[in-house]
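*Asks:* Hey, dropping model_15.txt in here, compact mmCIF, C-alpha atoms:
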```
# COMPACT_ATOMS: atom_id res chain seq x y z
CA LEU A 1 -70.02 134.39 213.82
CA ILE A 2 -70.36 130.69 214.44
CA HIS A 3 -73.88 130.55 215.85
CA TYR A 4 -75.87 127.44 216.78
CA ARG A 5 -79.41 127.66 215.43
CA HIS A 6 -82.03 125.33 216.83
CA ALA A 7 -84.26 125.76 213.78
CA THR A 8 -81.65 124.11 211.52
CA ARG A 9 -80.14 121.98 214.31
CA SER A 10 -76.69 123.08 213.19
CA TRP A 11 -73.95 125.63 213.55
CA GLU A 12 -74.32 128.45 211.03
CA LEU A 13 -71.92 131.15 209.86
CA GLU A 14 -73.74 134.46 210.19
CA ILE A 15 -73.23 138.17 210.55
CA PRO A 16 -74.23 139.74 213.89
CA ARG A 17 -77.86 140.78 214.17
CA GLY A 18 -80.59 141.36 216.68
CA GLY A 19 -83.51 143.48 217.74
CA VAL A 20 -83.70 147.23 218.25
CA LEU A 21 -84.10 148.34 221.85
CA PHE A 22 -86.50 151.07 222.99
CA ASN A 23 -85.23 154.52 221.90
CA GLU A 24 -82.44 152.94 219.83
CA THR A 25 -81.88 153.50 216.12
CA ALA A 26 -81.37 150.61 213.71
CA GLU A 27 -77.78 151.80 213.19
CA GLY A 28 -77.26 151.91 216.95
CA ALA A 29 -78.62 148.38 217.25
CA ALA A 30 -76.23 147.17 214.53
CA LYS A 31 -73.27 148.65 216.42
CA ARG A 32 -74.45 147.23 219.75
CA GLU A 33 -75.06 143.73 218.36
CA ALA A 34 -71.64 143.67 216.66
CA LYS A 35 -70.03 144.62 219.98
CA GLU A 36 -72.06 142.12 222.03
CA GLU A 37 -71.94 139.14 219.66
CA ALA A 38 -68.55 139.57 217.96
CA GLY A 39 -66.65 141.90 220.28
CA ILE A 40 -66.03 144.45 217.51
CA ALA A 41 -66.52 148.21 217.54
CA LEU A 42 -67.86 149.70 214.30
CA THR A 43 -67.68 153.21 212.85
CA ASN A 44 -68.41 154.70 209.41
CA MET A 45 -71.73 152.88 209.25
CA ILE A 46 -73.25 152.46 205.80
CA PHE A 47 -76.87 151.48 205.28
CA LEU A 48 -76.84 148.65 202.72
CA GLY A 49 -80.60 148.27 202.35
CA ASN A 50 -83.55 146.37 203.76
CA ILE A 51 -83.96 142.62 203.57
CA ALA A 52 -87.20 140.65 203.77
CA PRO A 53 -85.87 137.40 205.30
CA ASP A 54 -88.81 135.28 204.15
CA SER A 55 -91.35 137.31 202.19
CA GLY A 56 -93.51 134.22 201.68
CA ILE A 57 -94.18 133.83 205.40
CA LEU A 58 -93.01 136.91 207.30
CA GLY A 59 -93.91 140.58 206.94
CA THR A 60 -90.64 141.60 208.59
CA ILE A 61 -88.32 144.07 206.85
CA ILE A 62 -84.85 144.37 208.40
CA PRO A 63 -82.22 147.05 207.73
CA VAL A 64 -78.67 145.83 207.11
CA TYR A 65 -75.54 147.88 207.79
CA ALA A 66 -71.82 147.63 207.13
CA GLY A 67 -69.15 149.39 209.13
CA THR A 68 -65.43 149.74 209.65
CA VAL A 69 -64.00 147.66 212.47
CA THR A 70 -62.03 150.02 214.70
CA ALA A 71 -61.49 147.81 217.75
CA SER A 72 -61.70 144.15 218.69
CA ASP A 73 -62.28 142.79 222.17
CA ALA A 74 -63.96 139.84 223.85
CA ALA A 75 -67.57 139.28 222.84
CA GLU A 76 -70.30 139.40 225.48
CA PRO A 77 -73.27 137.55 223.99
CA GLU A 78 -76.49 137.09 225.90
CA GLU A 79 -76.72 133.84 227.88
CA SER A 80 -79.38 132.49 225.51
CA GLU A 81 -77.13 132.88 222.45
CA ALA A 82 -75.08 129.85 221.47
CA ILE A 83 -72.15 131.57 219.77
CA ALA A 84 -68.96 129.52 219.47
CA GLY A 85 -66.88 132.47 218.31
CA ARG A 86 -66.06 134.73 215.41
CA VAL A 87 -64.28 133.81 212.22
CA ILE A 88 -62.02 136.10 210.25
CA VAL A 89 -61.63 135.13 206.60
CA THR A 90 -60.50 136.79 203.40
CA PHE A 91 -63.01 137.89 200.80
CA ASP A 92 -61.76 135.11 198.49
CA GLN A 93 -62.25 132.49 201.22
CA LEU A 94 -65.76 133.79 201.81
CA GLN A 95 -66.61 133.64 198.11
CA GLN A 96 -65.31 130.07 197.86
CA GLY A 97 -67.27 129.17 200.99
CA LEU A 98 -70.44 130.47 199.38
CA ILE A 99 -69.77 128.34 196.32
CA ASP A 100 -68.98 125.26 198.44
CA GLY A 101 -71.85 125.96 200.84
CA PHE A 102 -69.62 125.80 203.93
CA LEU A 103 -66.42 126.94 205.57
CA THR A 104 -64.22 124.71 207.69
CA VAL A 105 -63.73 126.45 211.04
CA PRO A 106 -62.66 125.42 214.54
CA ILE A 107 -65.42 124.76 217.07
CA ASN A 108 -64.12 123.78 220.50
CA GLY A 109 -60.79 122.84 218.91
CA VAL A 110 -62.30 120.60 216.22
CA GLN A 111 -62.22 121.60 212.54
CA THR A 112 -65.86 121.56 211.46
CA GLN A 113 -67.63 122.18 208.16
CA VAL A 114 -70.17 124.88 209.00
CA PRO A 115 -72.89 125.82 206.49
CA LEU A 116 -72.52 129.22 204.85
CA ARG A 117 -76.10 130.06 203.87
CA ASP A 118 -77.08 133.09 205.95
CA GLY A 119 -79.35 135.31 203.86
CA PHE A 120 -78.28 138.42 205.80
CA LEU A 121 -74.62 137.72 205.04
CA THR A 122 -75.19 137.09 201.33
CA PHE A 123 -77.40 140.19 201.06
CA ALA A 124 -74.75 142.32 202.79
CA LEU A 125 -71.99 140.96 200.53
CA LEU A 126 -73.98 141.54 197.36
CA GLN A 127 -74.89 145.09 198.40
CA ALA A 128 -71.30 145.86 199.42
CA GLN A 129 -70.01 144.56 196.08
CA ALA A 130 -72.61 146.50 194.11
CA ARG A 131 -71.62 149.68 195.98
CA ARG A 132 -67.91 148.94 195.38
CA LEU A 133 -67.19 148.80 199.10
CA LEU A 134 -65.19 145.57 198.75
```
Would you mind giving the structure from this file in structure tokens?
*Replies:*
Amino acid sequence: LIHYRHATRSWELEIPRGGVLFNETAEGAAKREAKEEAGIALTNMIFLGNIAPDSGILGTIIPVYAGTVTASDAAEPEESEAIAGRVIVTFDQLQQGLIDGFLTVPINGVQTQVPLRDGFLTFALLQAQARRLL
């Protein structure tokens, strides 16, 4: 996703994520957030592990999942989310983007270098590689 983050004052390339609703499992939340933010339906969910996004400051531990995309539709993000859209890239493009620190993607019709530094994304990729899912 191309998501504007006020903390960094920039667009960021990230994987979908969000909070767990009352009576919802973490896996259910991952599916719901992927549908809402990216417009994708996921099945065959695989728990990749827990990430501590900033263990020096936060006590938060967050589960990360991967899934198979079975359908794609229009995203329906919450009004407060500044999501410019989703980006589909090859694994090789993603790896090069991690090395370069950015990917060039269209935002409102303008090719823009967007930072590729999301800890959740890099954690998910490393776990998926280690488990031979990619």
*Asks:* Could you pull the residues within 10 Å of Pro106 of chain A, counting all atoms listed in the file, minus those fewer than 3 positions along the same chain, as a list in words?
*Replies:*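 Listed by chain and then number, they are Ile2, Ala84, Gly85, Arg86, Val87, Leu103, Gly109, Val110, Gln111, Thr112, Gln113 and Val114 of chain A.
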*Asks:* What is the atom CA of Leu116 of chain A to atom CA of Ala66 of chain A distance in Å?
*Replies:* 18.6 Å
*Asks:* Could you pull the residues within 10 Å of Thr68 of chain A, counting all atoms listed in the file, minus those fewer than 6 positions along the same chain, as number ranges by chain?
*Replies:* A: 40-46
*Asks:* Those same residues - C-alpha atoms - I'd like them written as a PDB file, in the frame of the given file.
*Replies:*
```pdb
ATOM      1  CA  ILE A  40     -66.030 144.450 217.510  1.00  0.00           C
ATOM      2  CA  ALA A  41     -66.520 148.210 217.540  1.00  0.00           C
ATOM      3  CA  LEU A  42     -67.860 149.700 214.300  1.00  0.00           C
ATOM      4  CA  THR A  43     -67.680 153.210 212.850  1.00  0.00           C
ATOM      5  CA  ASN A  44     -68.410 154.700 209.410  1.00  0.00           C
ATOM      6  CA  MET A  45     -71.730 152.880 209.250  1.00  0.00           C
ATOM      7  CA  ILE A  46     -73.250 152.460 205.800  1.00  0.00           C
TER       8      ILE A  46
END
```
*Asks:* Can you write out as a tab-separated table which residues of segment 30-113 of chain A fall within 9 Å of segment 14-21 of chain A, alongside each residue's closest atom pair and its distance in Å to one decimal, counting only C-alpha atoms and ordering rows by chain and ascending residue number?
*Replies:*
```
residue	atom	partner	partner_atom	distance
A:Ala30	CA	A:Arg17	CA	6.6
A:Glu33	CA	A:Arg17	CA	5.8
A:Ala34	CA	A:Pro16	CA	5.5
A:Lys35	CA	A:Pro16	CA	8.9
A:Glu36	CA	A:Pro16	CA	8.8
A:Glu37	CA	A:Pro16	CA	6.2
A:Ala38	CA	A:Pro16	CA	7.0
A:Val64	CA	A:Arg17	CA	8.7
```
*Asks:* Which residues, written as a ChimeraX atom specification, have at least one atom at most 12 Å from segment 117-130 of chain A, with all atoms listed in the file counted and residues fewer than 6 positions away on the same chain left out?
*Replies:* /A:1-3,5,8,10-18,46-54,61-67,91-92,94-95,97-103
*Asks:* Which residue out of A:Ile107, A:Thr90, A:Gln96, A:His6 has the minimum interatomic distance to Leu134 of chain A when all atoms listed in the file are used?
*Replies:* A:Thr90
*Asks:* In terms of the shortest atom-to-atom distance over only C-alpha atoms, which of A:Leu133, A:Ile88, A:Gly39, A:Glu27 is closest to Ala75 of chain A?
*Replies:* A:Gly39
*Asks:* So what do you get for atom CA of Arg32 of chain A versus atom CA of Pro77 of chain A, distance-wise?
*Replies:* 10.6 Å
*Asks:* Figure out the distance between atom CA of Pro115 of chain A and atom CA of Arg132 of chain A, please, to one decimal in Å.
*Replies:*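 Result for atom CA of Arg132 of chain A versus atom CA of Pro115 of chain A: 26.1 Å, one decimal.
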